[in-house]
$ cat work-v8.cif   # mmCIF, C-alpha atoms and all ligand atoms
data_coords
#
loop_
_atom_site.label_atom_id
_atom_site.label_comp_id
_atom_site.auth_asym_id
_atom_site.auth_seq_id
_atom_site.Cartn_x
_atom_site.Cartn_y
_atom_site.Cartn_z
CA MET H 11 70.37 121.35 21.29
CA LYS H 12 72.27 123.71 23.57
CA LEU H 13 74.58 121.83 25.94
CA ARG H 14 73.04 123.43 29.04
CA ILE H 15 69.54 122.31 28.05
CA LYS H 16 70.80 118.79 27.31
CA ARG H 17 72.61 118.80 30.67
CA ASP H 18 69.49 119.92 32.55
CA MET H 19 67.32 117.22 30.94
CA LEU H 20 69.89 114.55 31.69
CA PHE H 21 70.41 115.87 35.23
CA GLU H 22 66.72 115.52 36.03
CA ARG H 23 66.79 111.84 35.10
CA LEU H 24 70.16 110.95 36.63
CA SER H 25 69.60 112.75 39.93
CA SER H 26 66.18 111.29 40.68
CA SER H 27 67.37 108.23 42.64
CA VAL H 28 69.00 110.59 45.17
CA LEU H 29 66.68 113.60 45.08
CA GLU H 30 63.42 111.62 45.28
CA THR H 31 64.44 110.14 48.63
CA GLY H 32 64.20 113.67 50.08
CA LEU H 33 67.31 112.94 52.16
CA LEU H 34 69.40 115.56 50.40
CA ASP H 35 66.95 118.25 51.59
CA GLN H 36 68.65 118.02 54.99
CA LEU H 37 71.57 119.93 53.43
CA LYS H 38 69.41 123.05 53.08
CA ALA H 39 69.87 123.65 56.81
CA PHE H 40 73.65 123.85 56.58
CA LYS H 41 75.54 126.92 55.43
CA GLN H 42 78.32 126.33 52.92
CA HIS H 43 80.63 128.87 51.24
CA GLY H 44 79.53 132.51 51.34
CA SER H 45 75.74 132.66 51.47
CA SER H 46 75.10 129.31 49.76
CA ASN H 47 73.91 126.24 51.62
CA CYS H 48 75.16 122.68 51.22
CA TYR H 49 72.12 121.69 49.14
CA ASP H 50 72.51 124.44 46.53
CA HIS H 51 76.26 123.84 46.46
CA SER H 52 75.81 120.09 45.88
CA ILE H 53 73.31 120.65 43.07
CA ALA H 54 75.67 123.20 41.47
CA VAL H 55 78.64 120.78 41.70
CA ALA H 56 76.60 117.90 40.23
CA LYS H 57 75.41 120.08 37.34
CA ALA H 58 78.90 121.49 36.66
CA SER H 59 80.37 117.95 36.71
CA LEU H 60 77.76 116.73 34.25
CA TYR H 61 78.38 119.75 32.02
CA LEU H 62 82.11 118.92 31.93
CA SER H 63 81.31 115.30 31.16
CA LEU H 64 79.23 116.32 28.13
CA LEU H 65 81.86 118.81 27.01
CA LEU H 66 84.88 116.47 27.12
CA PRO H 67 85.63 113.87 24.46
CA PHE H 68 85.71 110.93 26.91
CA ARG H 69 83.10 108.50 28.13
CA PHE H 70 81.92 109.03 31.69
CA LYS H 71 79.54 107.05 33.88
CA ASP H 72 77.13 109.95 34.15
CA GLU H 73 74.64 108.52 36.62
CA GLN H 74 77.33 107.65 39.15
CA LEU H 75 79.01 110.98 38.45
CA VAL H 76 75.82 112.87 39.33
CA ARG H 77 74.99 110.72 42.38
CA GLY H 78 78.53 110.99 43.77
CA ALA H 79 78.60 114.74 43.18
CA LEU H 80 75.22 115.20 44.90
CA LEU H 81 76.52 113.33 47.95
CA HIS H 82 80.08 114.70 48.03
CA ASP H 83 79.31 117.08 50.93
CA TYR H 84 76.76 114.91 52.75
CA PHE H 85 78.48 115.49 56.12
CA LEU H 86 75.28 116.81 57.76
CA TYR H 87 76.53 119.49 60.18
CA ASP H 88 77.25 123.21 60.01
CA TRP H 89 81.03 123.47 59.92
CA HIS H 90 80.80 127.16 60.83
CA ILE H 91 79.28 126.20 64.21
CA GLU H 92 80.23 122.61 65.01
CA LYS H 93 83.94 121.98 65.01
CA PRO H 94 84.80 118.36 64.19
CA GLU H 95 87.72 116.69 65.99
CA LYS H 96 89.93 116.95 62.92
CA LEU H 97 89.88 120.02 60.67
CA HIS H 98 86.68 120.09 58.61
CA GLY H 99 88.57 120.41 55.31
CA PHE H 100 90.37 117.12 55.92
CA SER H 101 87.72 115.09 57.72
CA HIS H 102 84.43 115.91 55.99
CA PRO H 103 84.88 113.66 52.92
CA HIS H 104 85.02 110.62 55.25
CA THR H 105 82.05 111.80 57.30
CA ALA H 106 80.08 112.42 54.09
CA CYS H 107 81.00 108.96 52.78
CA LYS H 108 80.00 107.27 56.04
CA ASN H 109 76.61 109.05 56.04
CA ALA H 110 76.04 108.30 52.35
CA LYS H 111 76.79 104.59 52.84
CA ARG H 112 74.36 104.51 55.76
CA ASP H 113 71.54 106.28 53.89
CA PHE H 114 72.12 104.97 50.34
CA ALA H 115 72.74 101.23 50.53
CA ASP H 116 73.35 101.02 46.76
CA LEU H 117 76.35 103.40 46.80
CA THR H 118 78.94 102.13 44.27
CA PRO H 119 82.76 102.11 44.72
CA LEU H 120 82.98 104.88 42.11
CA GLU H 121 80.46 107.05 44.00
CA GLU H 122 82.36 106.35 47.22
CA ASN H 123 85.62 107.43 45.60
CA ILE H 124 84.04 110.64 44.31
CA ILE H 125 82.97 111.53 47.86
CA LYS H 126 86.18 110.46 49.63
CA ARG H 127 88.62 112.10 47.22
CA HIS H 128 86.86 115.34 46.28
CA MET H 129 89.18 117.47 48.45
CA PHE H 130 92.34 116.41 46.58
CA PRO H 131 95.00 117.88 46.69
CA LEU H 132 94.21 119.16 50.21
CA THR H 133 93.78 115.51 51.17
CA PRO H 134 96.78 113.72 49.64
CA VAL H 135 95.27 110.56 48.12
CA PRO H 136 94.35 111.31 44.49
CA PRO H 137 90.98 110.45 42.91
CA ARG H 138 90.90 106.97 41.34
CA TYR H 139 88.37 107.47 38.53
CA ARG H 140 87.98 110.12 35.86
CA GLU H 141 84.50 110.89 37.28
CA SER H 142 86.13 111.65 40.65
CA VAL H 143 88.55 114.03 38.93
CA LEU H 144 85.64 115.90 37.33
CA VAL H 145 83.96 116.36 40.70
CA THR H 146 87.14 117.68 42.36
CA LEU H 147 87.41 120.27 39.57
CA ALA H 148 83.71 121.18 39.60
CA ASP H 149 83.75 121.48 43.40
CA LYS H 150 86.63 123.97 43.35
CA TYR H 151 85.03 125.95 40.54
CA CYS H 152 81.67 126.17 42.36
CA ALA H 153 83.24 126.95 45.77
CA THR H 154 85.29 129.78 44.24
CA LYS H 155 82.22 131.18 42.48
CA GLU H 156 80.21 131.07 45.72
CA VAL H 157 82.92 132.84 47.71
CA PHE H 158 83.29 135.57 45.08
CA ALA H 159 79.51 136.05 44.86
CA ALA H 160 79.43 136.57 48.64
CA LEU H 161 82.32 139.04 48.48
CA ARG H 162 80.63 140.95 45.66
CA ASN H 163 77.43 141.19 47.73
CA LYS H 164 79.36 142.33 50.78
CA PHE H 165 81.19 145.09 48.92
CA SER H 166 78.16 146.26 46.94
CA ARG H 167 76.32 146.75 50.25
CA ALA H 168 79.25 148.64 51.83
FE FE Q 201 83.62 119.23 50.40
FE FE Q 202 81.85 120.80 47.97
#

$ encode --input "work-v8.cif" --output "structure tokens"
Amino acid sequence: MKLRIKRDMLFERLSSSVLETGLLDQLKAFKQHGSSNCYDHSIAVAKASLYLSLLLPFRFKDEQLVRGALLHDYFLYDWHIEKPEKLHGFSHPHTACKNAKRDFADLTPLEENIIKRHMFPLTPVPPRYRESVLVTLADKYCATKEVFAALRNKFSRA
């Protein structure tokens, strides 16, 4: 079976405890990088993290990996409009973690760490678990892709 198909089947099962609450839908209202919104970005990061987990020859806790990745940007505001007290890049992992703990009472320490440390090395404390490392990598990959897609659109319209 192709890895992408296997990933998609697994993703459907592992993401259901978060997606079926409907709470993540709130992220559709908030713009993220380029023309993507926080919801699409979070799904993309969770899928890319799971893809890496299937690709690498190590064991990962896939359900917590997917749940943490889905919630990594659960900060619930538009950072292009609202300016938080501290710079968004530094403060949003903590805001996302606080919101996730409030809305998902069963959040595990591993999921918390994924959310809190996903901006490493911008935020200096490194991720504690290998799942957290995967999400930091997947997040940067997806963010870069989203920014370049927006630039491509901008220049093709010019
Ligand atoms: Fe983030
Ligand atoms: Fe992100």

$ closest_atom_pairs --input "work-v8.cif" --of "chain H" --to "ligand FE 201 (chain Q)" --cutoff "8 Å" --atoms "only C-alpha atoms and all ligand atoms" --output "Markdown table"
| residue | atom | partner | partner_atom | distance |
| --- | --- | --- | --- | --- |
| H:His82 | CA | Q:FE201 | FE | 6.2 |
| H:Asp83 | CA | Q:FE201 | FE | 4.8 |
| H:Gly99 | CA | Q:FE201 | FE | 7.1 |
| H:His102 | CA | Q:FE201 | FE | 6.6 |
| H:Pro103 | CA | Q:FE201 | FE | 6.2 |
| H:His128 | CA | Q:FE201 | FE | 6.5 |
| H:Met129 | CA | Q:FE201 | FE | 6.1 |
| H:Asp149 | CA | Q:FE201 | FE | 7.4 |

$ closest_residue --input "work-v8.cif" --among "H:Glu156, H:Asp116, H:Asp72, H:Glu22" --to "Asn47 (chain H)" --atoms "only C-alpha atoms"
H:Glu156

$ residues_near_ligand --input "work-v8.cif" --ligand "ligand FE 202 (chain Q)" --cutoff "9 Å" --atoms "all atoms listed in the file" --output "VMD selection string"
chain H and resid 42 to 43 48 51 to 52 55 79 82 to 83 128 to 129 145 to 146 148 to 150 152 to 153

$ write_last_selection --input "work-v8.cif" --atoms "C-alpha atoms" --output "mmCIF file, keeping the file's coordinate frame"
data_model
loop_
_atom_site.group_PDB
_atom_site.id
_atom_site.type_symbol
_atom_site.label_atom_id
_atom_site.label_comp_id
_atom_site.auth_asym_id
_atom_site.auth_seq_id
_atom_site.Cartn_x
_atom_site.Cartn_y
_atom_site.Cartn_z
ATOM 1 C CA GLN H 42 78.320 126.330 52.920
ATOM 2 C CA HIS H 43 80.630 128.870 51.240
ATOM 3 C CA CYS H 48 75.160 122.680 51.220
ATOM 4 C CA HIS H 51 76.260 123.840 46.460
ATOM 5 C CA SER H 52 75.810 120.090 45.880
ATOM 6 C CA VAL H 55 78.640 120.780 41.700
ATOM 7 C CA ALA H 79 78.600 114.740 43.180
ATOM 8 C CA HIS H 82 80.080 114.700 48.030
ATOM 9 C CA ASP H 83 79.310 117.080 50.930
ATOM 10 C CA HIS H 128 86.860 115.340 46.280
ATOM 11 C CA MET H 129 89.180 117.470 48.450
ATOM 12 C CA VAL H 145 83.960 116.360 40.700
ATOM 13 C CA THR H 146 87.140 117.680 42.360
ATOM 14 C CA ALA H 148 83.710 121.180 39.600
ATOM 15 C CA ASP H 149 83.750 121.480 43.400
ATOM 16 C CA LYS H 150 86.630 123.970 43.350
ATOM 17 C CA CYS H 152 81.670 126.170 42.360
ATOM 18 C CA ALA H 153 83.240 126.950 45.770
#

$ residues_around --input "work-v8.cif" --residues "Ala110 (chain H)" --least-positions-apart "5" --cutoff "10 Å" --atoms "only C-alpha atoms" --output "mmCIF file with C-alpha atoms, keeping the file's coordinate frame"
data_model
loop_
_atom_site.group_PDB
_atom_site.id
_atom_site.type_symbol
_atom_site.label_atom_id
_atom_site.label_comp_id
_atom_site.auth_asym_id
_atom_site.auth_seq_id
_atom_site.Cartn_x
_atom_site.Cartn_y
_atom_site.Cartn_z
ATOM 1 C CA LEU H 33 67.310 112.940 52.160
ATOM 2 C CA GLY H 78 78.530 110.990 43.770
ATOM 3 C CA LEU H 81 76.520 113.330 47.950
ATOM 4 C CA HIS H 82 80.080 114.700 48.030
ATOM 5 C CA ASP H 83 79.310 117.080 50.930
ATOM 6 C CA TYR H 84 76.760 114.910 52.750
ATOM 7 C CA PHE H 85 78.480 115.490 56.120
ATOM 8 C CA HIS H 104 85.020 110.620 55.250
ATOM 9 C CA THR H 105 82.050 111.800 57.300
ATOM 10 C CA ALA H 115 72.740 101.230 50.530
ATOM 11 C CA ASP H 116 73.350 101.020 46.760
ATOM 12 C CA LEU H 117 76.350 103.400 46.800
ATOM 13 C CA GLU H 121 80.460 107.050 44.000
ATOM 14 C CA GLU H 122 82.360 106.350 47.220
ATOM 15 C CA ILE H 125 82.970 111.530 47.860
#

$ atom_distance --input "work-v8.cif" --atom1 "CA of Asp88 (chain H)" --atom2 "CA of Lys41 (chain H)"
6.1 Å

$ axis_aligned_box --input "work-v8.cif" --around "region 127-142 of chain H" --padding-each-side "5 Å" --output "JSON"
{"center_x": 90.6, "center_y": 113.1, "center_z": 43.5, "size_x": 22.3, "size_y": 22.2, "size_z": 25.3}

$ atom_distance --input "work-v8.cif" --atom1 "CA of Met19 (chain H)" --atom2 "CA of Tyr151 (chain H)"
22.0 Å

$ atom_distance --input "work-v8.cif" --atom1 "CA of Ser63 (chain H)" --atom2 "CA of Arg14 (chain H)"
11.8 Å

$ residues_around --input "work-v8.cif" --residues "Glu73 (chain H)" --least-positions-apart "4" --cutoff "9 Å" --atoms "all atoms listed in the file" --output "number ranges by chain"
H: 21, 23-25, 77-78

$ residues_around --input "work-v8.cif" --residues "Lys12 (chain H)" --least-positions-apart "5" --cutoff "12 Å" --atoms "only C-alpha atoms" --output "JSON, numbers by chain"
{"H": [17, 18, 19, 61, 64, 65]}

$ closest_residue --input "work-v8.cif" --among "H:Ala58, H:Leu66, H:Leu13, H:Leu86" --to "Gln36 (chain H)" --atoms "all atoms listed in the file"
H:Leu86

$ closest_residue --input "work-v8.cif" --among "H:Asn123, H:Thr133, H:Ser46, H:Thr118" --to "Leu97 (chain H)" --atoms "all atoms listed in the file"
H:Thr133
